[in-house]
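Peer 1: Below you will find the structure I want to go over with you.
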Amino acid sequence: MDPKTLLQNFVNGLSLGSLYALIAIGYTMVYGILRLINFAHGDIFMMAAYFTFFFVTLTQLPWYFAAIFAIASAAVLGFGVDRIAYKPIRKAPRISALITAIGVSFFLESLAVVIFSGIPRSFRTIFPQFLNEMIILGGHMEVKYGQEVILGGIRFPIISVVTLIVTAVAIVFLWWFIYKTKIGMAMRSVSVDIPTTSLMGVNVDRIIGMTFALGSALAGVGGILWAVRYPQVWPYMGFIPGMKAFVAAVFGGIGSVPGAVMGGLILGITEVMMVGLFPGAAGYRDAFAFFILIIILSVKPSGLLGKPELVKV
Amino acid sequence: MRVLLLEGITMQFGGLTAVGDVSLEINEGELFGLIGPNGAGKTTVFNMITGHYKPTRGKIYFSEKEITGLIPDRITRMGIARTFQNIRLFQDLTVLENVMVAQHHSISSGGQAARWFIKSVTRIGYSVKEREMKEKALNLLKVLGIEGLANDKSGSLSYGAQRLLEIARAMATGASLLLLDEPAAGMNASETAQLVHTIRKIRNDFNLTVLLIEHDMKLVMGLCERIMVLDYGRTISEGDPAYVQKDRKVIEAYLGKEWVTIGR
Amino acid sequence: MTVKKRIVFTAVAIICLIIVLYLSQEFMSSYYSRIITLIGIYGIMAVSLTLVNGISGVFSLGHAGFIAVGAYTSALLTLSPQQKEITFLIEKLIWPFNSIQLPFFWATLIGGVVAAIFALAIGWPSLRLTGDYFAIATLGFAEIIRIFALNLNSLTNGALGLKALPDHSNIWASWGWLLVTVACVTSLSYSSFGRALRAIREDRVAAQAMGINVFKHQLMAFVVGGFFAGISGSLYAHWLSTIDPRTNTIGIMLTFNVLIMIVLGGLGSITGAIIGGALFAFLSEWLRFLEGPMNILGFKIMGITGLRMLVFSSLFVVIMIFWPRGIMGRREFSWDGLASLFKRRDRK
């Protein structure tokens, strides 16, 4: 790989990775508090993309209204999922909670099939066209076979850069929220010790609900950016990105927000680089994340920044 | 003959030393007590012997073979079995099944597992073994006086009966060294008296060596032949009950320094 | 009830079942006998997953992977060389599959064995994990299997899948294999090995302290479960007569369907799994009307695709929240239980 392609892949990988990071944060926050893999998280990501699509097609309002609406709806949806499905089984064994989460995930997917139909819809006209155009740095124009071809240079879509910026802003916001607000403090406290926190007079269920809402809002941001990048929406679009984001969360150390961001970025970059290095293996790119997962889980299950759990005897 | 030897075992969790440099020797047939205030590290010592924790430093020998850091089921198969302070029975299984499970390793360890697996699935030549295991289990339940509960779910038993079942289950593994973690906790005075009698009886009848943790001083002093006292993870005293009872350091550890001064 | 009586009852029940199956084969329309066949296949899928998820206390989400392995293996063995020549358009099928053809029984058995080998290879690294981590790792492996199926053109025909499989899956094949599955899984789970597995499910640490090698036992359950999943995969492929490597046929969706069956029947009960499988097969046929055109209060509406899945997933979540033990819980059907049920009725 020449340095230019390397840089180009790096930018694309970084932007893909930041999408994984946005979703991974939601997984890691919920796991940190409830020790629950919220399977439905990837489907909230999908729902947000659909909300944007239908908001724009139905109201004809500009895309930024749609984005705000979709992110807010994703937050409400996440909150609702927790209230309806997870809250009644808080005391049940962890495995029951996991099974329920899988059920919720399929519920949301089949709901999307019923409401929005299973046919993929193009997202191309929803957001401004320029986002999918290429930024070209360096290189020179040449006429080859009667066509203008750009040779050399680095090229990547504008959406990659936008994604990076949006993710950075979202993470700064999240940091501020977790470390500088009262609710954030309560969240951190709940993740350490639920009974004690509730003795301090904190409404734990409300804080858990807020965590779901916050994580889902970030997944919503990710969902919209994803739909712009691969310009289509369909009911099962959340499964693979959701699983990869989960891998990222485990990689970074589940329960740790900085870990999720780091895991997401590393996963995105290595995935793009792998495809760049071995174009023949492109069909296997979705399997790659699972290989990484299995390797991490067998070598260091607590991830890069996570703390190992001690089995009490 | 020496059954168990601990050589300066130490267990650190993060920066905290739960057990520091504990050495211990137990001979065959002994009834040995491990006592100390709450949080002294007694259960941690058990967990290291049975392989649930790997000691940070030090070595453990069982019948002159080193067992430091081996996995728990391997250690049990070698002949050390335990009970748990916070009772860990298989709640959904019956009392009888709990004891039979503990014999399972006799058909599932080593190279015979495949043979028995095929016998179990095809049911050819299996029922003899099943009957044998059941008889042995019933016999053990009888020894502990809970044979009448054999078909009850173990989760439905009284606290005292659950503790006895834990002992029966540990014995069913065929171990020669039993580690009992607070066997009398939650028992009333008459149950405790009965337990002392039972422990002595099983030691004699089954040629066992017993290492026990207990808070009930009357039980420990009356039952154990030798005692070790732990405080803050360190050995502060060791000897026969009469010696330990008079040891000033022991009284200090349990009741505080002031009490010793006042008492004098 | 004596053992002898129980054996007699069971034998009579099996003979009755065979007669009923024979009659339905002879006199029912091919549509119904296809559904009865499917019930048998779902039963095998559900019972094999129950052994893993219900009895041995690990939670696998990789069942579809083993079903897929069994399906592909046996399909490659039952298709005639000429048929394979026509089917494999992208790349030629590799040796030895391009030149052999085996009877259905042997193809199914080999499908099961290959699936069991996969289960061994997957269980070995994954079973070092516990709880939800194991669930995710097995889901990951199942996805890897599917992605390979989608890309290994010279072995699986890639995205085109396999078509025109001979319709070998009839009532006798599916219910015969169901009987074998139930007999093996039941005798295993009511042996000392099954007791050990249930002990591990109840308390892993205590089971270890009783000398049980947890890893070895869970691996054994996982491999046996994988074997029967492979068998069911072979039957399923020859029932559908196609294999399609997309998500909704052999992907996570299939695992989810089997999960519905065992949750419906009661996680941990073999009889519950069979009931769950039958209910699922029945409901998914019966609910077909939801997806066809309907006439509600004089309004004609077009069918809505996906409505069945929505019903199932809502049902699933509702069961988990309000009725987490399913129909049977961990109880099993037994003649004694049936007898006492009647006795109680009499007394009333």
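Chain identifiers are assigned as A, B, and so on, following the order in which chains appear in the structure tokens; residues are numbered from 1 within each chain, and ligands are numbered from 1 in order of appearance.
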Can you check which parts of chain A lie within 9 Å of chain C? Per residue, the shortest pair of atoms and distance in Å to one decimal, counting only C-alpha atoms, sorted by chain and number, as a Markdown table.
Peer 2:
```
| residue | atom | partner | partner_atom | distance |
| --- | --- | --- | --- | --- |
| A:Leu36 | CA | C:Asp132 | CA | 8.2 |
| A:Ile37 | CA | C:Asp132 | CA | 7.4 |
| A:Ala85 | CA | C:Ile321 | CA | 7.0 |
| A:Tyr86 | CA | C:Ile321 | CA | 8.3 |
| A:Pro88 | CA | C:Ile321 | CA | 6.5 |
| A:Ile89 | CA | C:Ile321 | CA | 6.4 |
| A:Arg94 | CA | C:Gly131 | CA | 8.1 |
| A:Ile95 | CA | C:Gly131 | CA | 7.0 |
| A:Ser96 | CA | C:Met320 | CA | 7.2 |
| A:Ala97 | CA | C:Met320 | CA | 8.4 |
| A:Leu98 | CA | C:Asp132 | CA | 7.2 |
| A:Ile99 | CA | C:Met320 | CA | 7.7 |
| A:Thr100 | CA | C:Val317 | CA | 5.8 |
| A:Ala101 | CA | C:Val317 | CA | 8.3 |
| A:Ile102 | CA | C:Phe256 | CA | 8.0 |
| A:Gly103 | CA | C:Val317 | CA | 5.4 |
| A:Val104 | CA | C:Val317 | CA | 6.5 |
| A:Ser105 | CA | C:Ser313 | CA | 8.6 |
| A:Phe106 | CA | C:Ser313 | CA | 5.9 |
| A:Phe107 | CA | C:Ser313 | CA | 4.9 |
| A:Leu108 | CA | C:Leu310 | CA | 8.3 |
| A:Glu109 | CA | C:Leu310 | CA | 8.3 |
| A:Ser110 | CA | C:Leu310 | CA | 5.0 |
| A:Leu111 | CA | C:Leu310 | CA | 6.0 |
| A:Ala112 | CA | C:Gly306 | CA | 8.8 |
| A:Val113 | CA | C:Gly306 | CA | 5.8 |
| A:Val114 | CA | C:Gly306 | CA | 5.4 |
| A:Ile115 | CA | C:Ile304 | CA | 8.9 |
| A:Ser117 | CA | C:Thr305 | CA | 7.4 |
| A:Gly118 | CA | C:Gly306 | CA | 8.0 |
| A:Met243 | CA | C:Gly140 | CA | 8.5 |
| A:Gly283 | CA | C:Asn151 | CA | 6.3 |
| A:Tyr284 | CA | C:Ile147 | CA | 6.4 |
| A:Arg285 | CA | C:Ile147 | CA | 9.0 |
| A:Asp286 | CA | C:Ile147 | CA | 7.5 |
| A:Ala287 | CA | C:Ile144 | CA | 5.0 |
| A:Phe288 | CA | C:Ile144 | CA | 8.3 |
| A:Ala289 | CA | C:Gly140 | CA | 8.5 |
| A:Phe290 | CA | C:Gly140 | CA | 5.1 |
| A:Phe291 | CA | C:Gly140 | CA | 7.8 |
| A:Leu293 | CA | C:Ala137 | CA | 7.2 |
| A:Ile294 | CA | C:Ala137 | CA | 6.1 |
| A:Ile295 | CA | C:Pro125 | CA | 8.9 |
| A:Leu297 | CA | C:Leu129 | CA | 7.3 |
| A:Ser298 | CA | C:Pro125 | CA | 6.7 |
| A:Pro301 | CA | C:Leu129 | CA | 8.1 |
| A:Val311 | CA | C:Val205 | CA | 8.9 |
| A:Val313 | CA | C:Val205 | CA | 7.2 |
```
Peer 1: Just to be explicit: take each residue in the selection above, keep C-alpha atoms, and write the result as a short mmCIF file (atom, residue, chain, number, x, y, z; two decimals), in the first residue's frame.
Peer 2:
```
data_model
loop_
_atom_site.label_atom_id
_atom_site.label_comp_id
_atom_site.auth_asym_id
_atom_site.auth_seq_id
_atom_site.Cartn_x
_atom_site.Cartn_y
_atom_site.Cartn_z
CA LEU A 36 -26.95 -6.37 30.06
CA ILE A 37 -26.04 -6.59 26.39
CA ALA A 85 -39.18 -4.60 28.41
CA TYR A 86 -36.22 -4.40 30.77
CA PRO A 88 -39.99 -5.60 34.78
CA ILE A 89 -37.15 -8.14 34.74
CA ARG A 94 -28.92 -12.13 33.66
CA ILE A 95 -29.62 -14.68 30.96
CA SER A 96 -33.37 -13.92 31.01
CA ALA A 97 -32.55 -10.28 30.49
CA LEU A 98 -30.34 -11.19 27.55
CA ILE A 99 -33.08 -13.35 25.99
CA THR A 100 -35.55 -10.51 26.40
CA ALA A 101 -33.13 -8.11 24.76
CA ILE A 102 -32.86 -10.44 21.76
CA GLY A 103 -36.66 -10.53 21.63
CA VAL A 104 -36.87 -6.74 21.69
CA SER A 105 -34.33 -6.54 18.89
CA PHE A 106 -36.44 -8.81 16.70
CA PHE A 107 -39.56 -6.98 17.70
CA LEU A 108 -38.12 -3.67 16.48
CA GLU A 109 -36.85 -5.27 13.26
CA SER A 110 -40.17 -6.86 12.42
CA LEU A 111 -41.96 -3.66 13.41
CA ALA A 112 -39.80 -1.84 10.90
CA VAL A 113 -40.61 -4.45 8.25
CA VAL A 114 -44.32 -4.02 8.90
CA ILE A 115 -44.34 -0.22 9.06
CA SER A 117 -41.70 -2.56 4.48
CA GLY A 118 -38.68 -4.75 3.98
CA MET A 243 -22.62 -6.31 16.42
CA GLY A 283 -16.48 -10.52 1.20
CA TYR A 284 -15.23 -11.59 4.60
CA ARG A 285 -15.05 -8.12 6.11
CA ASP A 286 -18.06 -8.71 8.32
CA ALA A 287 -16.51 -11.90 9.64
CA PHE A 288 -13.35 -10.00 10.55
CA ALA A 289 -14.93 -8.20 13.52
CA PHE A 290 -16.14 -11.50 14.94
CA PHE A 291 -12.67 -12.99 14.62
CA LEU A 293 -14.06 -10.54 19.18
CA ILE A 294 -13.21 -14.17 19.66
CA ILE A 295 -9.51 -13.43 19.92
CA LEU A 297 -12.43 -12.74 24.50
CA SER A 298 -10.00 -15.61 24.72
CA PRO A 301 -11.87 -10.71 28.12
CA VAL A 311 -15.69 -14.42 40.65
CA VAL A 313 -16.63 -17.79 46.02
#
```
Peer 1: Can you work out which residues from chain C touch chain B at a cut-off of 7 Å (counting only C-alpha atoms) and hand them back as a list in words?
Peer 2: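 Close to chain B, chain C has Cys184, Ser187, Leu188, Ser191, Ser192, Arg195, Ala196, Ala199, Glu202, Asp203, Ala206, Gln208, Ala209, Met210, Gly211, Ile212 and Asn213 of chain C.
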Peer 1: Excluding Gly58 of chain B and residues on its chain fewer than 4 positions from it, collect all residues at most 9 Å away from it, counting only C-alpha atoms, and give them as a list in words.
Peer 2: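 My reading of the contact set: Leu6, Glu7, Gly8, Ile9, Thr10, Met11, Asp21, Val22, Ser23 and Thr68 of chain B.
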Peer 1: Applying 12 Å and only C-alpha atoms, which residues near Pro62 of chain A remain after dropping the ones on its own chain fewer than 2 positions away? List them as a list in words.
Peer 2: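 Surrounding residues, per the criterion: Thr52, Phe53, Phe55, Val56, Thr57, Leu58, Thr59, Gln60, Tyr64, Phe65, Ala66, Ala67, Ile68, Phe69, Thr125, Ile126, Phe127 and Pro128 of chain A.
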Peer 1: Could the residues in this selection be written to a file with N, CA and C atoms, as a CSV table (one decimal), in the first residue's frame?
Peer 2:
```csv
chain,number,residue,atom,x,y,z
A,52,THR,N,-35.7,9.7,10.2
A,52,THR,CA,-35.2,10.8,9.4
A,52,THR,C,-35.8,10.7,8.0
A,53,PHE,N,-35.7,9.5,7.4
A,53,PHE,CA,-36.2,9.3,6.1
A,53,PHE,C,-37.7,9.7,6.0
A,55,PHE,N,-39.5,11.5,8.1
A,55,PHE,CA,-39.7,12.9,8.4
A,55,PHE,C,-39.5,13.8,7.2
A,56,VAL,N,-38.5,13.5,6.5
A,56,VAL,CA,-38.2,14.4,5.4
A,56,VAL,C,-39.2,14.1,4.2
A,57,THR,N,-39.5,12.8,4.0
A,57,THR,CA,-40.4,12.6,2.8
A,57,THR,C,-41.8,13.1,3.2
A,58,LEU,N,-42.2,13.0,4.4
A,58,LEU,CA,-43.6,13.4,4.7
A,58,LEU,C,-43.8,14.8,5.0
A,59,THR,N,-42.8,15.5,5.6
A,59,THR,CA,-43.1,16.9,6.0
A,59,THR,C,-42.4,17.9,5.0
A,60,GLN,N,-41.4,17.4,4.2
A,60,GLN,CA,-40.7,18.2,3.3
A,60,GLN,C,-39.9,19.3,4.0
A,64,TYR,N,-32.1,19.2,8.7
A,64,TYR,CA,-31.6,19.3,10.1
A,64,TYR,C,-32.8,19.2,11.1
A,65,PHE,N,-34.0,19.6,10.7
A,65,PHE,CA,-35.1,19.3,11.6
A,65,PHE,C,-35.3,17.9,11.7
A,66,ALA,N,-35.2,17.2,10.6
A,66,ALA,CA,-35.4,15.7,10.6
A,66,ALA,C,-34.4,15.1,11.5
A,67,ALA,N,-33.1,15.5,11.4
A,67,ALA,CA,-32.1,14.9,12.3
A,67,ALA,C,-32.4,15.1,13.7
A,68,ILE,N,-32.8,16.3,14.1
A,68,ILE,CA,-33.1,16.6,15.5
A,68,ILE,C,-34.3,15.7,16.0
A,69,PHE,N,-35.3,15.7,15.1
A,69,PHE,CA,-36.5,14.9,15.4
A,69,PHE,C,-36.1,13.4,15.6
A,125,THR,N,-31.5,11.3,-1.5
A,125,THR,CA,-32.1,12.6,-1.7
A,125,THR,C,-32.4,13.3,-0.4
A,126,ILE,N,-32.2,12.6,0.7
A,126,ILE,CA,-32.6,13.1,2.0
A,126,ILE,C,-31.7,14.2,2.5
A,127,PHE,N,-30.4,13.9,2.4
A,127,PHE,CA,-29.4,14.9,2.9
A,127,PHE,C,-28.8,15.6,1.7
A,128,PRO,N,-28.2,16.7,1.9
A,128,PRO,CA,-27.5,17.4,0.8
A,128,PRO,C,-26.6,16.5,0.0
```
Peer 1: Tell me, counting only C-alpha atoms, for each residue of chain B within 10 Å of chain A, which pair of atoms is nearest and how far apart they are in Å to one decimal, in rows ordered by chain and increasing number, as a Markdown table.
Peer 2:
```
| residue | atom | partner | partner_atom | distance |
| --- | --- | --- | --- | --- |
| B:Phe13 | CA | A:Leu310 | CA | 9.7 |
| B:Thr43 | CA | A:Val313 | CA | 8.9 |
| B:Thr44 | CA | A:Val313 | CA | 9.0 |
| B:Asn47 | CA | A:Val313 | CA | 7.5 |
| B:His52 | CA | A:Val313 | CA | 7.4 |
| B:Tyr53 | CA | A:Val313 | CA | 9.1 |
| B:Phe84 | CA | A:Val313 | CA | 8.1 |
| B:Gln85 | CA | A:Val313 | CA | 9.1 |
| B:Asn86 | CA | A:Val313 | CA | 8.6 |
| B:Arg88 | CA | A:Val313 | CA | 9.3 |
```
Peer 1: Please return as an MDAnalysis selection string: the residues of segment 87-289 of chain A that backbone DSSP assigns to helix (DSSP H, G or I).
Peer 2: chainID A and resid 87:89 94:116 129:132 158:180 182:192 194:199 204:229 239:252 257:277 279:289
Peer 1: If we count only C-alpha atoms and set the cut-off at 8 Å, which residues sit around segment 230-235 of chain C, ignoring sequence neighbours fewer than 3 positions away in its own chain? Please answer as a PyMOL selection string.
Peer 2: chain C and resi 41-42+44-45+66-75+107-109+111-116+168-169+173-174+177+226-227+238-239
Peer 1: Work out how far atom CA of Ala40 of chain B is from atom CA of Arg234 of chain B, in Å to one decimal.
Peer 2: 7.8 Å
Peer 1: Mind checking which residues fall within 12 Å of Ile14 of chain C, counting only C-alpha atoms, ignoring those fewer than 4 positions away in the same chain, and posting them as a compact mmCIF listing (two decimals) with N, CA and C atoms, in the first residue's frame?
Peer 2:
```txt
# COMPACT_ATOMS: atom_id res chain seq x y z
N ILE C 7 -42.48 -48.51 30.79
CA ILE C 7 -41.96 -48.92 29.48
C ILE C 7 -43.11 -49.33 28.56
N VAL C 8 -44.08 -50.09 29.13
CA VAL C 8 -45.22 -50.51 28.34
C VAL C 8 -45.99 -49.30 27.82
N PHE C 9 -46.26 -48.35 28.72
CA PHE C 9 -46.99 -47.13 28.33
C PHE C 9 -46.27 -46.40 27.20
N THR C 10 -44.95 -46.25 27.38
CA THR C 10 -44.18 -45.51 26.38
C THR C 10 -44.23 -46.24 25.03
N ILE C 18 -47.00 -43.84 15.70
CA ILE C 18 -46.67 -44.34 14.36
C ILE C 18 -47.94 -44.53 13.53
N ILE C 19 -49.00 -45.05 14.19
CA ILE C 19 -50.25 -45.24 13.46
C ILE C 19 -50.81 -43.90 13.00
N VAL C 20 -50.82 -42.92 13.93
CA VAL C 20 -51.33 -41.59 13.58
C VAL C 20 -50.54 -41.01 12.42
N LEU C 21 -49.20 -41.14 12.51
CA LEU C 21 -48.36 -40.59 11.45
C LEU C 21 -48.66 -41.29 10.12
N TRP C 175 -39.76 -37.57 11.76
CA TRP C 175 -40.18 -38.08 13.06
C TRP C 175 -39.28 -39.20 13.54
N GLY C 176 -38.71 -39.95 12.62
CA GLY C 176 -37.76 -40.98 13.01
C GLY C 176 -36.54 -40.36 13.69
N LEU C 179 -37.37 -39.00 17.08
CA LEU C 179 -37.40 -40.05 18.10
C LEU C 179 -35.98 -40.35 18.59
N ALA C 183 -34.69 -39.66 22.33
CA ALA C 183 -34.17 -40.78 23.11
C ALA C 183 -32.76 -40.49 23.61
```
Peer 1: Any idea what the distance is between atom CA of Met220 of chain C and atom CA of Ser56 of chain C?
Peer 2: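 Computed distance, atom CA of Met220 of chain C to atom CA of Ser56 of chain C, equals 9.7 Å.
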Peer 1: Excluding Pro37 of chain B and residues on its chain fewer than 6 positions from it, collect all residues at most 10 Å away from it, counting only C-alpha atoms, and give them as number ranges by chain.
Peer 2: B: 215, 229-232, 250, 253-255
Peer 1: Those same residues, written as an mmCIF file, in the first residue's frame with all heavy atoms?
Peer 2:
```cif
data_model
loop_
_atom_site.group_PDB
_atom_site.id
_atom_site.type_symbol
_atom_site.label_atom_id
_atom_site.label_comp_id
_atom_site.auth_asym_id
_atom_site.auth_seq_id
_atom_site.Cartn_x
_atom_site.Cartn_y
_atom_site.Cartn_z
ATOM 1 N N HIS B 215 -16.912 -20.023 63.859
ATOM 2 C CA HIS B 215 -16.994 -18.888 64.776
ATOM 3 C C HIS B 215 -17.430 -19.326 66.158
ATOM 4 O O HIS B 215 -17.154 -18.662 67.143
ATOM 5 C CB HIS B 215 -17.990 -17.851 64.229
ATOM 6 C CG HIS B 215 -17.347 -16.886 63.306
ATOM 7 N ND1 HIS B 215 -16.311 -16.075 63.692
ATOM 8 C CD2 HIS B 215 -17.555 -16.604 62.007
ATOM 9 C CE1 HIS B 215 -15.921 -15.339 62.679
ATOM 10 N NE2 HIS B 215 -16.654 -15.648 61.630
ATOM 11 N N VAL B 229 -4.874 -19.405 64.625
ATOM 12 C CA VAL B 229 -5.655 -18.173 64.678
ATOM 13 C C VAL B 229 -5.096 -17.181 63.662
ATOM 14 O O VAL B 229 -3.890 -16.916 63.634
ATOM 15 C CB VAL B 229 -5.613 -17.542 66.087
ATOM 16 C CG1 VAL B 229 -6.616 -16.397 66.169
ATOM 17 C CG2 VAL B 229 -5.913 -18.583 67.150
ATOM 18 N N LEU B 230 -5.970 -16.662 62.828
ATOM 19 C CA LEU B 230 -5.581 -15.650 61.841
ATOM 20 C C LEU B 230 -6.146 -14.309 62.249
ATOM 21 O O LEU B 230 -7.254 -14.232 62.773
ATOM 22 C CB LEU B 230 -6.143 -15.990 60.461
ATOM 23 C CG LEU B 230 -5.551 -17.122 59.630
ATOM 24 C CD1 LEU B 230 -6.219 -17.140 58.262
ATOM 25 C CD2 LEU B 230 -4.054 -16.944 59.468
ATOM 26 N N ASP B 231 -5.380 -13.251 62.014
ATOM 27 C CA ASP B 231 -5.907 -11.902 62.189
ATOM 28 C C ASP B 231 -5.277 -11.030 61.119
ATOM 29 O O ASP B 231 -4.063 -11.047 60.940
ATOM 30 C CB ASP B 231 -5.574 -11.381 63.586
ATOM 31 C CG ASP B 231 -6.348 -10.110 63.890
ATOM 32 O OD1 ASP B 231 -7.410 -9.889 63.260
ATOM 33 O OD2 ASP B 231 -5.894 -9.341 64.754
ATOM 34 N N TYR B 232 -6.093 -10.289 60.412
ATOM 35 C CA TYR B 232 -5.616 -9.476 59.285
ATOM 36 C C TYR B 232 -4.720 -10.274 58.340
ATOM 37 O O TYR B 232 -3.691 -9.809 57.879
ATOM 38 C CB TYR B 232 -4.880 -8.228 59.778
ATOM 39 C CG TYR B 232 -5.798 -7.261 60.475
ATOM 40 C CD1 TYR B 232 -5.706 -7.056 61.851
ATOM 41 C CD2 TYR B 232 -6.777 -6.568 59.757
ATOM 42 C CE1 TYR B 232 -6.568 -6.190 62.496
ATOM 43 C CE2 TYR B 232 -7.648 -5.707 60.398
ATOM 44 C CZ TYR B 232 -7.539 -5.517 61.767
ATOM 45 O OH TYR B 232 -8.399 -4.671 62.393
ATOM 46 N N VAL B 250 -4.387 -13.587 70.965
ATOM 47 C CA VAL B 250 -5.687 -14.039 70.489
ATOM 48 C C VAL B 250 -6.795 -13.222 71.142
ATOM 49 O O VAL B 250 -7.722 -12.744 70.492
ATOM 50 C CB VAL B 250 -5.880 -15.543 70.752
ATOM 51 C CG1 VAL B 250 -7.272 -15.982 70.302
ATOM 52 C CG2 VAL B 250 -4.804 -16.343 70.066
ATOM 53 N N ALA B 253 -6.893 -9.847 69.678
ATOM 54 C CA ALA B 253 -7.462 -9.812 68.331
ATOM 55 C C ALA B 253 -8.984 -9.856 68.397
ATOM 56 O O ALA B 253 -9.674 -9.192 67.633
ATOM 57 C CB ALA B 253 -6.937 -10.987 67.512
ATOM 58 N N TYR B 254 -9.513 -10.671 69.283
ATOM 59 C CA TYR B 254 -10.958 -10.831 69.344
ATOM 60 C C TYR B 254 -11.643 -9.690 70.085
ATOM 61 O O TYR B 254 -12.720 -9.255 69.720
ATOM 62 C CB TYR B 254 -11.319 -12.157 70.020
ATOM 63 C CG TYR B 254 -11.461 -13.262 69.024
ATOM 64 C CD1 TYR B 254 -10.384 -14.058 68.672
ATOM 65 C CD2 TYR B 254 -12.688 -13.472 68.394
ATOM 66 C CE1 TYR B 254 -10.518 -15.055 67.737
ATOM 67 C CE2 TYR B 254 -12.824 -14.478 67.452
ATOM 68 C CZ TYR B 254 -11.735 -15.260 67.128
ATOM 69 O OH TYR B 254 -11.870 -16.239 66.194
ATOM 70 N N LEU B 255 -11.002 -9.212 71.167
ATOM 71 C CA LEU B 255 -11.731 -8.289 72.033
ATOM 72 C C LEU B 255 -11.111 -6.909 72.105
ATOM 73 O O LEU B 255 -11.656 -6.011 72.706
ATOM 74 C CB LEU B 255 -11.824 -8.886 73.443
ATOM 75 C CG LEU B 255 -12.533 -10.237 73.468
ATOM 76 C CD1 LEU B 255 -12.238 -10.966 74.763
ATOM 77 C CD2 LEU B 255 -14.030 -10.065 73.294
#
```
Peer 1: Rounded to one decimal, what separation in Å do you get between atom CA of Gly256 of chain B and atom CA of Met228 of chain B?
Peer 2: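 Result for atom CA of Gly256 of chain B versus atom CA of Met228 of chain B: 18.6 Å, one decimal.
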Peer 1: If you run DSSP over the backbone, which residues in segment 128-266 of chain A end up strand (DSSP E or B)? Put them as a ChimeraX atom specification.
Peer 2: /A:134-137,140-144,147-151,154-157,232-233
